[in-house]
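Structure below is query.csv: CSV, N, CA and C atoms.
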```csv
chain,number,residue,atom,x,y,z
A,64,MET,N,-0.7,7.2,-0.8
A,64,MET,CA,0.2,6.0,-0.8
A,64,MET,C,0.1,5.3,-2.1
A,65,LEU,N,-0.2,6.0,-3.1
A,65,LEU,CA,-0.3,5.3,-4.4
A,65,LEU,C,1.0,4.7,-4.9
A,66,ILE,N,2.1,5.4,-4.6
A,66,ILE,CA,3.4,4.9,-5.0
A,66,ILE,C,3.7,3.6,-4.3
A,67,VAL,N,3.4,3.5,-3.0
A,67,VAL,CA,3.7,2.2,-2.2
A,67,VAL,C,2.8,1.1,-2.8
A,68,ASP,N,1.5,1.5,-3.0
A,68,ASP,CA,0.6,0.5,-3.6
A,68,ASP,C,1.0,0.0,-4.9
A,69,ALA,N,1.5,0.9,-5.8
A,69,ALA,CA,1.9,0.5,-7.1
A,69,ALA,C,3.2,-0.4,-7.1
A,70,ALA,N,4.1,0.0,-6.2
A,70,ALA,CA,5.3,-0.8,-6.0
A,70,ALA,C,5.0,-2.2,-5.5
A,71,LEU,N,4.0,-2.3,-4.6
A,71,LEU,CA,3.6,-3.6,-4.0
A,71,LEU,C,3.0,-4.4,-5.1
A,72,GLU,N,2.1,-3.9,-5.9
A,72,GLU,CA,1.5,-4.6,-7.0
A,72,GLU,C,2.5,-5.1,-7.9
A,73,HIS,N,3.5,-4.3,-8.3
A,73,HIS,CA,4.5,-4.7,-9.2
A,73,HIS,C,5.4,-5.8,-8.6
A,74,THR,N,5.7,-5.7,-7.4
A,74,THR,CA,6.6,-6.7,-6.7
A,74,THR,C,5.8,-8.0,-6.6
A,75,CYS,N,4.6,-8.0,-6.2
A,75,CYS,CA,3.8,-9.2,-6.1
A,75,CYS,C,3.7,-9.9,-7.5
A,76,ALA,N,3.4,-9.1,-8.6
A,76,ALA,CA,3.3,-9.6,-9.9
A,76,ALA,C,4.6,-10.3,-10.3
A,77,GLU,N,5.7,-9.7,-10.0
A,77,GLU,CA,7.0,-10.3,-10.3
A,77,GLU,C,7.2,-11.6,-9.6
A,78,PHE,N,6.8,-11.7,-8.3
A,78,PHE,CA,7.0,-12.9,-7.5
A,78,PHE,C,6.1,-14.0,-8.2
A,79,ARG,N,4.9,-13.6,-8.6
A,79,ARG,CA,4.0,-14.6,-9.2
A,79,ARG,C,4.5,-15.1,-10.5
A,80,SER,N,5.1,-14.2,-11.3
A,80,SER,CA,5.7,-14.6,-12.6
A,80,SER,C,6.9,-15.5,-12.4
A,81,ARG,N,7.7,-15.3,-11.4
A,81,ARG,CA,8.9,-16.1,-11.1
A,81,ARG,C,8.4,-17.5,-10.6
A,82,ALA,N,7.3,-17.5,-9.9
A,82,ALA,CA,6.8,-18.8,-9.4
A,82,ALA,C,6.2,-19.6,-10.6
A,83,ALA,N,5.5,-18.9,-11.5
A,83,ALA,CA,5.0,-19.5,-12.7
A,83,ALA,C,6.1,-20.1,-13.6
A,84,ASP,N,7.2,-19.4,-13.7
A,84,ASP,CA,8.3,-19.9,-14.5
A,84,ASP,C,9.2,-20.9,-13.8
A,85,GLY,N,8.9,-21.2,-12.6
A,85,GLY,CA,9.6,-22.2,-11.8
A,85,GLY,C,10.9,-21.7,-11.2
A,86,GLN,N,11.1,-20.4,-11.2
A,86,GLN,CA,12.3,-19.9,-10.6
A,86,GLN,C,12.3,-19.9,-9.1
A,87,ILE,N,11.1,-19.9,-8.5
A,87,ILE,CA,10.9,-20.0,-7.1
A,87,ILE,C,9.7,-20.9,-6.8
A,88,THR,N,9.6,-21.5,-5.7
A,88,THR,CA,8.4,-22.3,-5.4
A,88,THR,C,7.2,-21.5,-4.9
A,89,ALA,N,6.1,-22.1,-4.9
A,89,ALA,CA,4.9,-21.4,-4.5
A,89,ALA,C,5.0,-20.9,-3.0
A,90,ALA,N,5.6,-21.8,-2.2
A,90,ALA,CA,5.8,-21.4,-0.8
A,90,ALA,C,6.7,-20.2,-0.7
A,91,GLU,N,7.8,-20.2,-1.5
A,91,GLU,CA,8.7,-19.0,-1.5
A,91,GLU,C,8.0,-17.8,-1.9
A,92,ARG,N,7.2,-17.9,-3.0
A,92,ARG,CA,6.4,-16.8,-3.5
A,92,ARG,C,5.5,-16.2,-2.4
A,93,ASP,N,4.8,-17.1,-1.7
A,93,ASP,CA,3.9,-16.7,-0.6
A,93,ASP,C,4.6,-16.0,0.5
A,94,LEU,N,5.8,-16.5,0.9
A,94,LEU,CA,6.6,-15.8,1.9
A,94,LEU,C,7.1,-14.4,1.4
A,95,LEU,N,7.5,-14.4,0.2
A,95,LEU,CA,8.0,-13.1,-0.3
A,95,LEU,C,6.9,-12.1,-0.4
A,96,ILE,N,5.7,-12.5,-0.8
A,96,ILE,CA,4.6,-11.6,-0.9
A,96,ILE,C,4.2,-11.1,0.5
A,97,ASP,N,4.1,-12.1,1.4
A,97,ASP,CA,3.8,-11.7,2.8
A,97,ASP,C,4.8,-10.6,3.3
A,98,GLY,N,6.1,-10.8,3.1
A,98,GLY,CA,7.1,-9.9,3.5
A,98,GLY,C,6.9,-8.5,2.8
A,99,ALA,N,6.6,-8.5,1.5
A,99,ALA,CA,6.4,-7.3,0.8
A,99,ALA,C,5.2,-6.5,1.4
A,100,ILE,N,4.1,-7.2,1.7
A,100,ILE,CA,3.0,-6.6,2.3
A,100,ILE,C,3.3,-6.0,3.7
A,101,LEU,N,4.1,-6.7,4.5
A,101,LEU,CA,4.5,-6.2,5.8
A,101,LEU,C,5.4,-4.9,5.6
A,102,LEU,N,6.3,-5.0,4.7
A,102,LEU,CA,7.1,-3.8,4.4
A,102,LEU,C,6.3,-2.6,3.9
A,103,ALA,N,5.3,-2.8,3.0
A,103,ALA,CA,4.5,-1.8,2.6
A,103,ALA,C,3.7,-1.2,3.7
A,104,ALA,N,3.2,-2.0,4.6
A,104,ALA,CA,2.4,-1.5,5.8
A,104,ALA,C,3.3,-0.7,6.7
A,105,SER,N,4.5,-1.1,6.9
A,105,SER,CA,5.5,-0.4,7.7
A,105,SER,C,5.8,1.0,7.1
A,106,ILE,N,6.0,1.0,5.8
A,106,ILE,CA,6.2,2.3,5.1
A,106,ILE,C,5.1,3.2,5.2
A,107,GLU,N,3.9,2.7,5.0
A,107,GLU,CA,2.7,3.5,5.2
A,107,GLU,C,2.6,4.1,6.6
A,108,GLU,N,2.9,3.3,7.6
A,108,GLU,CA,2.8,3.7,9.0
A,108,GLU,C,3.9,4.8,9.2
A,109,LEU,N,5.1,4.7,8.7
A,109,LEU,CA,6.1,5.7,8.9
A,109,LEU,C,5.7,7.0,8.2
A,110,VAL,N,5.1,6.9,7.1
A,110,VAL,CA,4.6,8.1,6.4
A,110,VAL,C,3.5,8.8,7.2
A,111,GLN,N,2.6,8.0,7.7
A,111,GLN,CA,1.5,8.6,8.5
A,111,GLN,C,2.1,9.2,9.8
A,112,ASP,N,3.0,8.6,10.4
A,112,ASP,CA,3.7,9.2,11.6
A,112,ASP,C,4.4,10.4,11.3
A,113,GLY,N,5.0,10.5,10.1
A,113,GLY,CA,5.8,11.7,9.7
A,113,GLY,C,4.8,12.8,9.4
A,114,ARG,N,3.6,12.5,9.0
A,114,ARG,CA,2.7,13.6,8.7
A,114,ARG,C,1.8,14.0,9.8
A,115,ALA,N,1.9,13.3,10.9
A,115,ALA,CA,1.1,13.6,12.1
A,115,ALA,C,1.5,15.0,12.6
A,116,GLY,N,0.5,15.8,12.9
A,116,GLY,CA,0.8,17.1,13.4
A,116,GLY,C,1.0,18.2,12.3
A,117,LEU,N,1.2,17.8,11.1
A,117,LEU,CA,1.3,18.8,10.0
A,117,LEU,C,-0.1,19.3,9.6
A,118,PRO,N,-0.1,20.5,9.1
A,118,PRO,CA,-1.4,21.0,8.6
A,118,PRO,C,-1.7,20.3,7.3
A,119,PRO,N,-3.0,20.1,6.9
A,119,PRO,CA,-3.3,19.5,5.7
A,119,PRO,C,-2.7,20.3,4.5
A,120,ALA,N,-2.5,19.7,3.4
A,120,ALA,CA,-2.0,20.4,2.2
A,120,ALA,C,-3.0,21.4,1.7
A,121,TRP,N,-4.3,21.0,1.8
A,121,TRP,CA,-5.3,22.0,1.4
A,121,TRP,C,-6.1,22.3,2.6
A,122,PRO,N,-6.4,23.6,2.8
A,122,PRO,CA,-7.1,24.1,4.0
A,122,PRO,C,-8.4,23.3,4.4
A,123,ASP,N,-9.1,22.9,3.3
A,123,ASP,CA,-10.4,22.3,3.6
A,123,ASP,C,-10.4,20.8,3.4
A,124,ALA,N,-9.2,20.2,3.3
A,124,ALA,CA,-9.1,18.7,3.0
A,124,ALA,C,-9.8,17.9,4.1
A,125,GLY,N,-9.7,18.2,5.3
A,125,GLY,CA,-10.3,17.4,6.4
A,125,GLY,C,-11.8,17.4,6.3
A,126,ARG,N,-12.4,18.6,5.9
A,126,ARG,CA,-13.8,18.7,5.8
A,126,ARG,C,-14.3,17.8,4.6
A,127,HIS,N,-13.6,17.8,3.5
A,127,HIS,CA,-14.1,17.0,2.4
A,127,HIS,C,-13.9,15.5,2.7
A,128,SER,N,-12.8,15.1,3.3
A,128,SER,CA,-12.6,13.7,3.6
A,128,SER,C,-13.7,13.2,4.6
A,129,ALA,N,-14.0,14.0,5.6
A,129,ALA,CA,-15.1,13.6,6.5
A,129,ALA,C,-16.4,13.5,5.8
A,130,GLY,N,-16.7,14.5,4.9
A,130,GLY,CA,-17.9,14.5,4.2
A,130,GLY,C,-18.1,13.3,3.3
A,131,ALA,N,-17.0,12.9,2.7
A,131,ALA,CA,-17.0,11.7,1.8
A,131,ALA,C,-17.3,10.4,2.6
A,132,VAL,N,-16.6,10.3,3.8
A,132,VAL,CA,-16.8,9.2,4.6
A,132,VAL,C,-18.3,9.1,5.1
A,133,ALA,N,-18.8,10.3,5.6
A,133,ALA,CA,-20.2,10.3,6.0
A,133,ALA,C,-21.1,10.0,4.9
A,134,ALA,N,-20.9,10.5,3.7
A,134,ALA,CA,-21.8,10.3,2.6
A,134,ALA,C,-21.8,8.8,2.3
A,135,GLY,N,-20.6,8.1,2.4
A,135,GLY,CA,-20.6,6.7,2.1
A,135,GLY,C,-21.4,5.9,3.1
A,136,HIS,N,-21.5,6.3,4.3
A,136,HIS,CA,-22.2,5.6,5.4
A,136,HIS,C,-23.7,5.8,5.3
A,137,ARG,N,-24.1,6.9,4.6
A,137,ARG,CA,-25.5,7.2,4.5
A,137,ARG,C,-26.2,6.3,3.5
A,138,GLY,N,-25.5,6.0,2.4
A,138,GLY,CA,-26.1,5.3,1.2
A,138,GLY,C,-26.4,3.9,1.6
```
The structure in this file should be written as structure tokens.
Amino acid sequence: MLIVDAALEHTCAEFRSRAADGQITAAERDLLIDGAILLAASIEELVQDGRAGLPPAWPDAGRHSAGAVAAGHRG
């Protein structure tokens, strides 16, 4: 979801810049950022739903992901 994350970061930066320039109020900025976050979350959910049931792109992707998670919990 790097594309969605990058788009969200860019969008939020734009809203902050416009608020700093006085084009929108801080309250408007906060509402716009909240909306952008909700939209990004919805997009991520749709993508995850669309990928459900598909085989992984790499045959051993699940094993590596699980191993990485387990390794993180051991440390």
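Around Arg92 of chain A, within 9 Å and counting only C-alpha atoms, the residues found are Cys75, Phe78, Arg79, Arg81, Ala82, Ile87, Thr88, Ile96 and Asp97 of chain A, once anything fewer than 4 positions away on its own chain is removed.
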TODO: Provide the atom N of His73 of chain A to atom C of Ala103 of chain A distance in Å, to one decimal place.
DONE: 12.4 Å
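Rounded to one decimal, atom C of Glu108 of chain A and atom CA of Glu91 of chain A lie 26.5 Å from each other.
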- [ ] Kindly give the distance, in Å, that separates atom CA of Ser105 of chain A and atom CA of Asp93 of chain A, rounded to a single decimal.
- [x] 18.4 Å
